[in-house]
Amino acid sequence: MPMMTYEPFWRMMDERRISTYSLEVDYGLNKALIHRLKHNKNMNLSSIDYICELFCCPVEDVVVHIRKNCGGS
(Lines give C-alpha, C1' and ligand atoms only; values in the text may rest on other atoms or scores of the structure.)
Protein backbone atom coordinates (compact mmCIF):
# COMPACT_ATOMS: atom_id res chain seq x y z
CA MET A 1 0.00 0.00 0.00
CA PRO A 2 1.43 3.42 -0.93
CA MET A 3 1.99 6.01 1.77
CA MET A 4 0.65 8.79 -0.45
CA THR A 5 -2.33 8.57 -2.74
CA TYR A 6 -3.66 10.93 -5.37
CA GLU A 7 -7.18 9.53 -5.03
CA PRO A 8 -8.53 12.96 -3.97
CA PHE A 9 -7.25 14.40 -7.24
CA TRP A 10 -9.11 11.79 -9.28
CA ARG A 11 -12.30 12.37 -7.28
CA MET A 12 -11.98 16.10 -7.97
CA MET A 13 -11.42 15.41 -11.68
CA ASP A 14 -14.51 13.19 -11.71
CA GLU A 15 -16.61 15.85 -9.94
CA ARG A 16 -15.41 18.48 -12.42
CA ARG A 17 -15.89 16.07 -15.33
CA ILE A 18 -12.30 16.44 -16.48
CA SER A 19 -10.88 13.47 -18.37
CA THR A 20 -7.30 12.25 -18.56
CA TYR A 21 -7.32 13.32 -22.20
CA SER A 22 -8.41 16.81 -21.17
CA LEU A 23 -5.64 16.99 -18.55
CA GLU A 24 -3.11 16.56 -21.34
CA VAL A 25 -4.75 18.51 -24.17
CA ASP A 26 -6.68 21.28 -22.41
CA TYR A 27 -4.60 21.74 -19.26
CA GLY A 28 -1.15 20.97 -20.65
CA LEU A 29 -0.11 18.31 -18.14
CA ASN A 30 2.52 16.02 -19.59
CA LYS A 31 2.01 12.28 -19.87
CA ALA A 32 4.70 11.53 -17.27
CA LEU A 33 2.94 13.66 -14.64
CA ILE A 34 -0.41 12.05 -15.41
CA HIS A 35 1.23 8.62 -15.15
CA ARG A 36 2.67 9.49 -11.72
CA LEU A 37 -0.75 10.65 -10.55
CA LYS A 38 -2.48 7.51 -11.86
CA HIS A 39 0.01 5.15 -10.24
CA ASN A 40 0.62 6.98 -6.93
CA LYS A 41 4.27 7.51 -7.81
CA ASN A 42 6.55 9.99 -6.08
CA MET A 43 6.12 13.58 -7.15
CA ASN A 44 7.96 16.71 -6.09
CA LEU A 45 6.17 19.45 -4.22
CA SER A 46 6.55 21.94 -7.05
CA SER A 47 4.43 19.63 -9.26
CA ILE A 48 1.76 19.38 -6.57
CA ASP A 49 1.89 23.16 -6.11
CA TYR A 50 1.45 23.59 -9.88
CA ILE A 51 -1.63 21.32 -9.83
CA CYS A 52 -3.10 23.25 -6.89
CA GLU A 53 -2.62 26.54 -8.72
CA LEU A 54 -3.95 25.17 -12.00
CA PHE A 55 -7.15 23.82 -10.43
CA CYS A 56 -7.49 26.45 -7.66
CA CYS A 57 -7.64 23.83 -4.95
CA PRO A 58 -5.96 23.05 -1.63
CA VAL A 59 -3.30 20.34 -1.45
CA GLU A 60 -5.70 17.94 0.30
CA ASP A 61 -7.76 17.92 -2.92
CA VAL A 62 -4.72 16.47 -4.69
CA VAL A 63 -2.92 14.14 -2.31
CA VAL A 64 -3.46 12.49 1.04
CA HIS A 65 -1.04 10.67 3.32
CA ILE A 66 -1.97 7.15 4.37
CA ARG A 67 -0.59 6.23 7.76
CA LYS A 68 1.20 2.99 8.22
CA ASN A 69 1.46 1.58 11.70
CA CYS A 70 2.86 4.41 13.75
CA GLY A 71 4.12 2.36 16.62
CA GLY A 72 6.03 4.38 19.16
CA SER A 73 8.04 3.39 22.16
# chains A, B, ... in the order shown; residues from 1 in each chain; ligands from 1
$ residues_around --residues "range 7-19 of chain A" --least-positions-apart "5" --cutoff "9 Å" --atoms "only C-alpha atoms" --output "PyMOL selection string"
chain A and resi 24+37-38+40+60-64
$ select_by_dssp --residues "chain A" --states "alpha helix (DSSP H)" --output "ChimeraX atom specification"
/A:7-15,20-25,31-38,45-55
$ residues_around --residues "Tyr50 in chain A" --least-positions-apart "3" --cutoff "12 Å" --atoms "only C-alpha atoms" --output "ChimeraX atom specification"
/A:27-29,33,43-47,53-59,62
$ atom_distance --atom1 "CA of His39 in chain A" --atom2 "CA of Met4 in chain A"
10.5 Å
$ select_by_dssp --residues "chain A" --states "strand (DSSP E or B)" --output "ChimeraX atom specification"
/A:4-5,64-65
$ atom_distance --atom1 "CA of Ile34 in chain A" --atom2 "CA of Thr20 in chain A"
7.6 Å
$ atom_distance --atom1 "CA of Tyr6 in chain A" --atom2 "CA of Lys41 in chain A"
9.0 Å
$ closest_residue --among "A:Asn69, A:Cys52, A:Ser22, A:Thr5" --to "Arg36 in chain A" --atoms "only C-alpha atoms"
A:Thr5
